[in-house]
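Undergrad: Below are the C-alpha cells for one structure; questions will follow.
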Number of protein chains: 2
Amino acid sequence: MIDTDSVVIGAGPVGLFQVFQLGLLGLEAHVIDVLPQAGGQCVALYPDKPIYDIPGVPMCTGRGLSAQLREQARPFLRSAPDGKKGVNLHLKQLVSSLEHLPDGRYQIETHQGLILRCRAVFVAAGAGAFVPKTLPLPKLEGSQQLHYHLDEVHEGRLPWSGQHLVVVGGGDEALSAILSLSSTEGSDAPSRLTLVHRRAQFQADSALACDVQALIDQGRIDLVVGMPTDVELLDGRLLTLLLLGPDGQTHRLALDHLLVRQGMSPKLGALTQWGLALERKQISVSPATFESSLPGVYAVGDINTYPGKKRLLLCGFHEATLAAHHAAAQLNPEAPQHLLYTTTSPLLHERLGVLNPQK
Amino acid sequence: MIDTDSVVIGAGPVGLFQVFQLGLLGLEAHVIDVLPQAGGQCVALYPDKPIYDIPGVPMCTGRGLSAQLREQARPFLRSAPDGKKGVNLHLKQLVSSLEHLPDGRYQIETHQGLILRCRAVFVAAGAGAFVPKTLPLPKLEGSQQLHYHLDEVHEGRLPWSGQHLVVVGGGDEALSAILSLSSTEGSDAPSRLTLVHRRAQFQADSALACDVQALIDQGRIDLVVGMPTDVELLDGRLLTLLLLGPDGQTHRLALDHLLVRQGMSPKLGALTQWGLALERKQISVSPATFESSLPGVYAVGDINTYPGKKRLLLCGFHEATLAAHHAAAQLNPEAPQHLLYTTTSPLLHERLGVLNPQK
C-alpha cells in the first residue's frame with residue numbers, strides 16, 4: 001500500500017500539469033492511468049495532429065505537448081524506481097474503487113491490485129478511462145476464451161497457443177494484432193488465424209492493410225466478412241461464433257479463442273459509483289476550487305463541469321492550478337498562503353531543482 | 001474614429017492571447033498599450049528572467065513568452081499598416097475614457113487622441129498602465145518645463161535645447177537618459193546637464209553607472225546629491241528646484257527644465273472612474289464569463305478578482321478564453337455555439353491561415 005499526499009487519476013495533459021502544480025506546492029502526487037503511456041487522448045487519439053491554441057505555443061502536436069508537459073513535471077514524476085522514492089507514475093492501471101476512510105483520507109484501488117491512501121484526489125480522467133470497445137455478446141462475459149489484449153498470459157503461456165484464434169476488427173488495432181500473431185513462431189503460435197470484419201475493406205493505415213491483404217492472399221490467414229451477433233457454448237465453453245454475413249444470412253464459425261480489437265473508447269466506469277455529484281456524465285465542481293461534492297476530491301479538465309465550462313486544455317491547466325492551491329491550503333493550513341512565483345521564489349527553484357540564474 | 005468588434009486594453013501576455021481567442025471566434029480586436037512594445041510587465045520588468053509554470057513550456061523568459069504569444073496572435077494582429085485593414089495594435093496610447101453610448105456600444109478614447117467604438121471591451125491591464133513615477137511637486141502640475149520622456153518634442157524641437165536641464169533619478173532610466181543627452185550634438189543639445197539623485201551611488205546597470213561616473217569625473221555633467229522637496233516659480237515659470245541634501249540642509253538649484261526619470265510604476269488611473277465594481281483595486285468579475293459589472297466589459301488577468309483568483313499568467317489565459325466565448329455568444333447570438341477545436345476545425349484553420357495537414 002502506498003501512502004501519499006495526493007492521487008491524480010489520469011496522466012493526460014491536465015493530469016501531468018496537476019502533478020507539476022502539486023509539486024510546486026510541496027505535495028507529493030501519485031498518478032494512475034489505464035493507458036500504457038502518459039499523454040491521454042492527445043497521444044492515444046491524435047498524436048500527430050497540430051494544436052494551435054496552447055497559450056505561448058503557436059503550434060504543437062499532441063505527442064509534442066505531452067512530452068513537454070512530462071518534461072515540465074519531471075522534477076515531481078518518477079516513472080522508474082530510483083531506489084529512494086519509488087515510482088509515482090502508474091500506467092496500465094484502471095481505478096476500481098474510491099473509499100472515504102474514517103480518518104478523512106481516501107483509499108483508491110485499481111483492478112490490477114494497486115492500493116493508495118491519500119488526503120486529496122484529483123480526477124483528471126478526461127472523457128473517461130480508455131478501455132477496449134467490447135462486443136455485445138453477454139454470454140461471453142467472464143469467459144477465459146474472450147480477449148482484448150495481445151499480452152494476456154495465462155499460467156505462463158499465451159492462451160491461444162496451438163489453437164484457432166479469431167480476431168475481430170478492421171482498423172489499426174486489429175490489423176497490427178493479426179500481423180504480430182502471424183509472425184509468432186514455435187509453440188506460442190496459434191494453429192490457425194481468422195480475421196473477422198464487417199467489410200472486405202479495412203479502415204487502417206494503408207501499409208498495414210497491404211501487409212494483411214498479402215497474408216490473406218497467401219492463405220496464411222482467413223478473412224471472414226460478417227458481424228458477430230451471437231455465440232454458441234457447450235458447458236460454458238465457447239464453440240462457435242455466429243456472424244451476420246453481407247448476404248443477410250447467419251454463418252457459423254468454429255473457434256477456440258476470440259480476440260476483440262475494435263479500438264478504444266473512453267468509459268467513466270467506476271467513478272460514477274463514488275457518490276460524486278454529476279451533471280450529464282460530468283463531475284460538478286466549484287469554479288473557485290474545482291472541488292467536487294466530496295471534500296478533498298477535485299475534478300479538473302474535460303471530466304468536470306461548472307458554469308461557463310469549455311472543454312479546452314488551457315482551461316484544464318487553470319483548473320488544475322486552482323485545485324492544487326485549494327488542496328494545499330486545506331492540507332497545510334499553517335503554511336503561508338501568499339502566492340509564490342517561479343520567476344522569483346528560491347523555494348520554488350529548489351523544488352524545481354533549478355539554480356536561480358539571477359543570483 | 002475606429003469602428004470594431006472589440007477593444008483590448010493592455011498588450012501584455014493575457015491581452016495578446018485575448019486577441020488570439022477573439023480572432024479564433026471571428027471577432028476583430030484593437031489593442032491599446034501605453035508601453036512602446038507589446039508584452040506588458042513580462043517585457044518591461046523581467047524580460048530575461050526564467051518562467052517555469054506556463055503549461056507545456058518547461059522554461060521561457062518573459063521576452064520569449066511575449067514573442068511566442070505575439071506570433072500566436074499574428075493572424076489577428078497588425079502592427080504595421082497593410083493598406084487593406086490597417087493597424088490594430090496601438091502602442092504608446094494611454095486610455096483616458098470609456099463611455100457607454102446610447103446604442104449599447106462603448107467609446108474608448110486615449111490621451112493621444114485615438115477614438116474607438118466597439119461592442120465589447122476586454123480590460124487586460126495587469127497591475128495598471130505603466131506610467132512614469134512622478135515627483136510630489138504639485139506646483140509643477142501642467143508645467144511645460146516638467147518632462148518624463150526623452151522624445152517630448154514641442155513645436156518641432158526638444159524643449160530643453162540650449163538650456164539647463166536637470167535629470168532626477170539614479171536608476172537605469174535616469175542614467176541612460178543622461179548618457180543619451182550628453183551625446184546630443186548641435187542645436188538640440190542642452191547647454192548644461194545636471195543629475196540629481198538622493199545618493200552619490202547609483203542603483204543601475206554597472207556599465208551604465210561607470211559611463212555616467214566618467215562623465216561626472218570629466219566635468220561634463222554635474223551630480224547634485226539631494227531629494228527634491230519643492231520648487232520656486234515666477235509668473236508660473238519654474239526657476240529653482242529645492243533639494244534636501246545629505247547634510248539636512250535645503251539647497252537651491254537654478255534650472256530651465258526638469259526631466260524626471262525615476263522608473264515606471266503601474267497605475268489603474270482612468271479605469272477606476274468607469275463605474276466598474278471594484279474590490280481592493282481589482283475589477284470584480286463573474287468566474288463563468290469574466291464580465292465585469294458593466295455588460296460587455298470584461299476583465300482578464302491580474303486586474304480582475306473573483307473567488308479563488310490566483311494572479312498567474314496561465315489563469316489569465318483561461319479567463320481570456322471564457323471571456324471571448326461569452327462575448328462571441330452575446331455579439332453573434334445566432335452563430336452556432338458548439339465548441340470548435342483548432343486540431344480539427346476547417347473554419348479555425350482558415351481563420352489561422354494554416355492548411356490542414358490531415359487533409
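Residues in the C-alpha cells are named by chain (A, B, ... in the order shown) and by number from 1 within that chain; ligands are numbered from 1 in the order shown.
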Would you write out, as a tab-separated table, a table of all residues in stretch 160-274 of chain A that have an atom no more than 12 Å from an atom of stretch 101-116 of chain A, listing for each the closest atom pair and the distance in Å to one decimal, considering only C-alpha atoms and ordering rows by chain and rising residue number?
TA:
```
residue	atom	partner	partner_atom	distance
A:Gly269	CA	A:His111	CA	11.9
A:Ala270	CA	A:Thr110	CA	10.1
A:Leu271	CA	A:Ile108	CA	10.9
A:Trp274	CA	A:Ile108	CA	10.9
```
Undergrad: For the selection just defined, write its residues with N, CA, C and O atoms to a file, as a tab-separated table (two decimals), in the first residue's frame.
TA:
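The resulting again.tsv:
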```tsv
chain	number	residue	atom	x	y	z
A	269	GLY	N	-16.97	4.60	-16.20
A	269	GLY	CA	-16.78	3.41	-15.38
A	269	GLY	C	-17.01	3.65	-13.90
A	269	GLY	O	-17.99	4.30	-13.50
A	270	ALA	N	-16.06	3.16	-13.09
A	270	ALA	CA	-16.23	3.11	-11.64
A	270	ALA	C	-16.58	4.46	-11.03
A	270	ALA	O	-17.33	4.53	-10.06
A	271	LEU	N	-16.07	5.53	-11.59
A	271	LEU	CA	-16.20	6.79	-10.86
A	271	LEU	C	-17.63	7.33	-10.80
A	271	LEU	O	-17.92	8.25	-10.03
A	274	TRP	N	-19.06	6.65	-7.10
A	274	TRP	CA	-18.37	7.14	-5.91
A	274	TRP	C	-19.17	8.19	-5.13
A	274	TRP	O	-18.64	8.77	-4.18
```
Undergrad: Please report as JSON, numbers by chain which residues of chain B come no farther than 7 Å from chain A, using only C-alpha atoms.
TA: {"B": [17, 49, 50, 51, 52, 53, 55, 56, 57, 58, 65, 68, 69, 71, 72, 287, 288, 289, 307, 308, 314, 315, 317, 318, 322, 342, 343]}
Undergrad: For N, CA, C and O atoms, I'd like the residues from the last selection saved as a CSV table (one decimal), in the first residue's frame.
TA:
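After the write, part-v1.csv holds the following:
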```
chain,number,residue,atom,x,y,z
B,17,PHE,N,-3.2,37.1,-25.9
B,17,PHE,CA,-3.9,35.9,-26.0
B,17,PHE,C,-5.4,36.2,-26.2
B,17,PHE,O,-6.1,35.4,-26.8
B,49,LYS,N,14.2,37.0,-17.1
B,49,LYS,CA,14.1,36.1,-16.0
B,49,LYS,C,13.3,34.8,-16.5
B,49,LYS,O,12.4,34.9,-17.3
B,50,PRO,N,13.7,33.7,-16.0
B,50,PRO,CA,13.0,32.4,-16.4
B,50,PRO,C,11.7,32.3,-15.7
B,50,PRO,O,11.5,32.6,-14.6
B,51,ILE,N,10.7,31.8,-16.5
B,51,ILE,CA,9.4,31.5,-16.1
B,51,ILE,C,9.2,29.9,-16.3
B,51,ILE,O,9.5,29.4,-17.3
B,52,TYR,N,8.8,29.2,-15.2
B,52,TYR,CA,8.7,27.8,-15.3
B,52,TYR,C,7.3,27.2,-15.3
B,52,TYR,O,7.1,26.0,-15.4
B,53,ASP,N,6.3,28.0,-15.2
B,53,ASP,CA,4.9,27.5,-14.9
B,53,ASP,C,3.9,27.8,-16.1
B,53,ASP,O,2.7,27.7,-15.8
B,55,PRO,N,2.0,26.2,-18.9
B,55,PRO,CA,1.7,24.8,-19.2
B,55,PRO,C,2.3,24.4,-20.6
B,55,PRO,O,2.0,25.0,-21.6
B,56,GLY,N,3.1,23.4,-20.6
B,56,GLY,CA,3.7,22.9,-21.8
B,56,GLY,C,5.0,23.6,-22.2
B,56,GLY,O,5.5,23.3,-23.3
B,57,VAL,N,5.4,24.5,-21.4
B,57,VAL,CA,6.6,25.3,-21.7
B,57,VAL,C,7.5,25.2,-20.4
B,57,VAL,O,7.4,26.0,-19.5
B,58,PRO,N,8.4,24.2,-20.4
B,58,PRO,CA,9.1,23.9,-19.1
B,58,PRO,C,9.9,25.2,-18.7
B,58,PRO,O,10.1,25.4,-17.5
B,65,LEU,N,8.3,34.5,-24.0
B,65,LEU,CA,6.9,34.2,-23.9
B,65,LEU,C,6.1,35.2,-24.7
B,65,LEU,O,5.2,34.9,-25.5
B,68,GLN,N,6.4,34.6,-28.4
B,68,GLN,CA,5.6,33.5,-28.8
B,68,GLN,C,4.1,33.8,-28.9
B,68,GLN,O,3.4,33.4,-29.8
B,69,LEU,N,3.6,34.6,-27.9
B,69,LEU,CA,2.2,35.0,-27.8
B,69,LEU,C,1.9,35.9,-29.0
B,69,LEU,O,0.8,35.9,-29.5
B,71,GLU,N,3.5,35.9,-31.8
B,71,GLU,CA,3.5,35.0,-33.0
B,71,GLU,C,2.2,34.3,-33.1
B,71,GLU,O,1.6,34.2,-34.2
B,72,GLN,N,1.7,33.8,-32.0
B,72,GLN,CA,0.4,33.1,-32.0
B,72,GLN,C,-0.8,34.0,-32.4
B,72,GLN,O,-1.7,33.5,-33.2
B,287,PRO,N,-16.9,34.4,-12.5
B,287,PRO,CA,-15.9,33.4,-13.0
B,287,PRO,C,-16.5,32.5,-14.1
B,287,PRO,O,-15.7,31.7,-14.7
B,288,ALA,N,-17.7,32.7,-14.5
B,288,ALA,CA,-18.3,32.0,-15.7
B,288,ALA,C,-18.0,32.7,-17.0
B,288,ALA,O,-17.9,32.1,-18.0
B,289,THR,N,-17.9,34.1,-16.9
B,289,THR,CA,-17.9,34.9,-18.1
B,289,THR,C,-16.7,35.9,-18.1
B,289,THR,O,-16.4,36.4,-19.1
B,307,PRO,N,-13.8,34.7,-6.7
B,307,PRO,CA,-13.5,33.8,-5.6
B,307,PRO,C,-12.4,32.7,-6.2
B,307,PRO,O,-12.6,32.1,-7.2
B,308,GLY,N,-11.3,32.6,-5.4
B,308,GLY,CA,-10.3,31.6,-5.8
B,308,GLY,C,-9.2,32.2,-6.7
B,308,GLY,O,-8.2,31.5,-7.0
B,314,LEU,N,-1.2,31.7,-16.5
B,314,LEU,CA,-2.0,30.6,-17.0
B,314,LEU,C,-3.5,30.8,-16.7
B,314,LEU,O,-4.3,30.3,-17.4
B,315,CYS,N,-3.8,31.4,-15.5
B,315,CYS,CA,-5.1,31.7,-15.2
B,315,CYS,C,-5.7,32.8,-16.1
B,315,CYS,O,-6.9,32.7,-16.6
B,317,PHE,N,-4.9,33.3,-19.1
B,317,PHE,CA,-5.2,32.7,-20.5
B,317,PHE,C,-6.6,32.1,-20.5
B,317,PHE,O,-7.4,32.2,-21.4
B,318,HIS,N,-6.9,31.3,-19.4
B,318,HIS,CA,-8.2,30.7,-19.3
B,318,HIS,C,-9.3,31.8,-19.2
B,318,HIS,O,-10.3,31.7,-19.9
B,322,LEU,N,-12.6,32.2,-21.8
B,322,LEU,CA,-14.0,32.2,-21.5
B,322,LEU,C,-14.7,33.5,-21.8
B,322,LEU,O,-15.8,33.6,-22.2
B,342,THR,N,-9.0,23.7,-32.6
B,342,THR,CA,-8.0,24.1,-33.6
B,342,THR,C,-7.4,22.8,-34.2
B,342,THR,O,-6.8,22.9,-35.3
B,343,THR,N,-7.5,21.7,-33.6
B,343,THR,CA,-7.0,20.5,-34.1
B,343,THR,C,-7.8,20.0,-35.3
B,343,THR,O,-7.2,19.4,-36.3
```
Undergrad: Quick one: pick out all helix (DSSP H, G or I) residues within stretch 118-352 of chain A from a backbone DSSP run and write them as a PyMOL selection string.
TA: chain A and resi 138-140+172-182+186-188+206-217+269-273+301-303+313-331+346-352
Undergrad: So that I have them on file, write out the residues from the current selection with C-alpha atoms, as a PDB file, in the first residue's frame.
TA:
```
ATOM      1  CA  PRO A 138     -23.361 -11.139 -22.962  1.00  0.00           C
ATOM      2  CA  LYS A 139     -22.952 -14.936 -22.990  1.00  0.00           C
ATOM      3  CA  LEU A 140     -19.185 -14.452 -23.161  1.00  0.00           C
ATOM      4  CA  ASP A 172      -5.159  -0.443 -36.988  1.00  0.00           C
ATOM      5  CA  GLU A 173      -5.583  -2.316 -33.689  1.00  0.00           C
ATOM      6  CA  ALA A 174      -6.926  -5.480 -35.348  1.00  0.00           C
ATOM      7  CA  LEU A 175      -4.518  -5.491 -38.302  1.00  0.00           C
ATOM      8  CA  SER A 176      -1.428  -4.854 -36.204  1.00  0.00           C
ATOM      9  CA  ALA A 177      -2.529  -7.704 -33.897  1.00  0.00           C
ATOM     10  CA  ILE A 178      -3.010 -10.062 -36.868  1.00  0.00           C
ATOM     11  CA  LEU A 179       0.430  -9.142 -38.246  1.00  0.00           C
ATOM     12  CA  SER A 180       2.064  -9.700 -34.902  1.00  0.00           C
ATOM     13  CA  LEU A 181       0.251 -13.021 -34.326  1.00  0.00           C
ATOM     14  CA  SER A 182       1.014 -14.330 -37.834  1.00  0.00           C
ATOM     15  CA  GLY A 186       7.106 -22.032 -32.190  1.00  0.00           C
ATOM     16  CA  SER A 187       4.756 -23.256 -29.504  1.00  0.00           C
ATOM     17  CA  ASP A 188       3.313 -19.770 -28.855  1.00  0.00           C
ATOM     18  CA  SER A 206      -2.594   1.683 -45.848  1.00  0.00           C
ATOM     19  CA  ALA A 207       0.788  -0.065 -45.377  1.00  0.00           C
ATOM     20  CA  LEU A 208      -0.696  -2.181 -42.593  1.00  0.00           C
ATOM     21  CA  ALA A 209      -3.722  -3.011 -44.755  1.00  0.00           C
ATOM     22  CA  CYS A 210      -1.450  -4.073 -47.662  1.00  0.00           C
ATOM     23  CA  ASP A 211       0.599  -6.370 -45.424  1.00  0.00           C
ATOM     24  CA  VAL A 212      -2.523  -8.045 -44.062  1.00  0.00           C
ATOM     25  CA  GLN A 213      -4.051  -8.368 -47.548  1.00  0.00           C
ATOM     26  CA  ALA A 214      -0.859 -10.150 -48.657  1.00  0.00           C
ATOM     27  CA  LEU A 215      -1.233 -12.651 -45.787  1.00  0.00           C
ATOM     28  CA  ILE A 216      -4.849 -13.270 -46.818  1.00  0.00           C
ATOM     29  CA  ASP A 217      -3.832 -13.720 -50.478  1.00  0.00           C
ATOM     30  CA  GLY A 269     -16.775   3.408 -15.379  1.00  0.00           C
ATOM     31  CA  ALA A 270     -16.233   3.108 -11.641  1.00  0.00           C
ATOM     32  CA  LEU A 271     -16.201   6.793 -10.857  1.00  0.00           C
ATOM     33  CA  THR A 272     -19.922   7.134 -11.452  1.00  0.00           C
ATOM     34  CA  GLN A 273     -20.329   4.961  -8.328  1.00  0.00           C
ATOM     35  CA  GLY A 301     -10.131  19.073 -17.279  1.00  0.00           C
ATOM     36  CA  ASP A 302     -12.734  17.602 -19.606  1.00  0.00           C
ATOM     37  CA  ILE A 303     -14.360  15.497 -16.907  1.00  0.00           C
ATOM     38  CA  LEU A 313      -6.801  22.042 -22.479  1.00  0.00           C
ATOM     39  CA  LEU A 314      -5.834  25.546 -21.432  1.00  0.00           C
ATOM     40  CA  CYS A 315      -8.891  25.685 -19.162  1.00  0.00           C
ATOM     41  CA  GLY A 316      -7.869  22.366 -17.599  1.00  0.00           C
ATOM     42  CA  PHE A 317      -4.447  23.831 -16.756  1.00  0.00           C
ATOM     43  CA  HIS A 318      -6.113  26.701 -14.882  1.00  0.00           C
ATOM     44  CA  GLU A 319      -8.441  24.296 -13.091  1.00  0.00           C
ATOM     45  CA  ALA A 320      -5.538  22.058 -12.011  1.00  0.00           C
ATOM     46  CA  THR A 321      -3.724  25.105 -10.652  1.00  0.00           C
ATOM     47  CA  LEU A 322      -6.591  26.432  -8.566  1.00  0.00           C
ATOM     48  CA  ALA A 323      -7.410  22.907  -7.339  1.00  0.00           C
ATOM     49  CA  ALA A 324      -3.787  22.407  -6.237  1.00  0.00           C
ATOM     50  CA  HIS A 325      -3.786  25.694  -4.357  1.00  0.00           C
ATOM     51  CA  HIS A 326      -7.032  24.865  -2.593  1.00  0.00           C
ATOM     52  CA  ALA A 327      -5.825  21.409  -1.631  1.00  0.00           C
ATOM     53  CA  ALA A 328      -2.510  22.772  -0.363  1.00  0.00           C
ATOM     54  CA  ALA A 329      -4.330  25.296   1.827  1.00  0.00           C
ATOM     55  CA  GLN A 330      -6.560  22.522   3.191  1.00  0.00           C
ATOM     56  CA  LEU A 331      -3.746  20.041   3.808  1.00  0.00           C
ATOM     57  CA  PRO A 346      14.001  30.471  -4.169  1.00  0.00           C
ATOM     58  CA  LEU A 347      11.704  27.837  -2.590  1.00  0.00           C
ATOM     59  CA  LEU A 348      10.094  27.061  -5.949  1.00  0.00           C
ATOM     60  CA  HIS A 349      13.530  26.996  -7.593  1.00  0.00           C
ATOM     61  CA  GLU A 350      14.641  24.453  -5.018  1.00  0.00           C
ATOM     62  CA  ARG A 351      11.555  22.302  -5.632  1.00  0.00           C
ATOM     63  CA  LEU A 352      12.096  22.532  -9.395  1.00  0.00           C
TER      64      LEU A 352
END
```
Undergrad: Between atom CA of B:Glu28 and atom CA of B:Leu268, what is the distance in Å, rounded to a tenth?
TA: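 So the answer is 25.4 Å.
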Undergrad: Find the residues around A:Gly10 up to 9 Å (only C-alpha atoms counted), leave out those fewer than 4 positions away in its own chain, and share them as a PyMOL selection string.
TA: chain A and resi 14-16+31-34+38-40+122-126+128-129
Undergrad: Using only C-alpha atoms, which of A:Ala277, A:Leu258, A:Val285, A:Val8 sits nearest A:Val166?
TA: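 When distances to A:Val166 are compared using only C-alpha atoms, the smallest one comes from A:Leu258.
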Undergrad: Could you give me, as an MDAnalysis selection string, each residue of stretch 250-348 of chain B that DSSP assigns to strand (DSSP E or B) when run on this structure's backbone?
TA: chainID B and resid 250:254 257:260 264:267 278:279 282:284 291 297:299 304:305
Undergrad: So, with only C-alpha atoms as the atoms that count, which of B:Ala44, B:Leu27, B:Leu193, B:Leu276 lies closest to B:Gly263?
TA: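 That would be B:Ala44, the residue with the smallest distance to B:Gly263.
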Undergrad: Tell me, in Å to one decimal, how far atom CA of B:Val300 is from atom CA of B:Leu278.
TA: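 Taking atom CA of B:Val300 as the start and atom CA of B:Leu278 as the end point, the length is 13.5 Å.
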Undergrad: For A:Val297, list every protein, DNA or RNA residue within 7 Å, evaluated using only C-alpha atoms, and leave out those in the same chain fewer than 3 positions away; present the list as a PyMOL selection string.
TA: chain A and resi 120-122+291-292+294
Undergrad: Could you name the residues that touch B:His257 at 9 Å or less, counting only C-alpha atoms, but leaving out those on the same chain fewer than 5 positions away, as a PyMOL selection string?
TA: chain B and resi 144-147+159-160+163-167+238-239
Undergrad: If we count only C-alpha atoms, what is near B:Leu242 at a cut-off of 12 Å, once residues fewer than 4 positions away on the same chain are taken out, given as a ChimeraX atom specification?
TA: /B:137,196,224-233,238,249-255
Undergrad: When you look at A:Glu185 with a cut-off of 12 Å (counting only C-alpha atoms), what residues show up, excluding the ones that are within fewer than 6 positions of it in the same chain? I need them as a PyMOL selection string.
TA: chain A and resi 161-162+191
Undergrad: Write out, as a PDB file, in the first residue's frame, the residues just selected, with all heavy atoms.
TA:
```pdb
ATOM      1  N   SER A 161      -2.211 -20.407 -27.810  1.00  0.00           N
ATOM      2  CA  SER A 161      -1.119 -21.182 -28.423  1.00  0.00           C
ATOM      3  C   SER A 161      -1.649 -22.511 -28.960  1.00  0.00           C
ATOM      4  O   SER A 161      -2.336 -23.251 -28.246  1.00  0.00           O
ATOM      5  CB  SER A 161      -0.043 -21.491 -27.376  1.00  0.00           C
ATOM      6  OG  SER A 161       0.371 -20.316 -26.744  1.00  0.00           O
ATOM      7  N   GLY A 162      -1.332 -22.798 -30.214  1.00  0.00           N
ATOM      8  CA  GLY A 162      -1.720 -24.075 -30.822  1.00  0.00           C
ATOM      9  C   GLY A 162      -3.212 -24.221 -31.065  1.00  0.00           C
ATOM     10  O   GLY A 162      -3.702 -25.332 -31.318  1.00  0.00           O
ATOM     11  N   SER A 191      -2.666 -22.195 -33.977  1.00  0.00           N
ATOM     12  CA  SER A 191      -2.633 -23.159 -35.086  1.00  0.00           C
ATOM     13  C   SER A 191      -3.310 -22.583 -36.330  1.00  0.00           C
ATOM     14  O   SER A 191      -2.988 -22.942 -37.456  1.00  0.00           O
ATOM     15  CB  SER A 191      -3.336 -24.450 -34.670  1.00  0.00           C
ATOM     16  OG  SER A 191      -4.695 -24.178 -34.386  1.00  0.00           O
TER      17      SER A 191
END
```
Undergrad: Just to confirm, what's the straight-line distance from atom CA of A:Gln203 to atom CA of A:Gly171 in Å (one decimal)?
TA: 5.0 Å
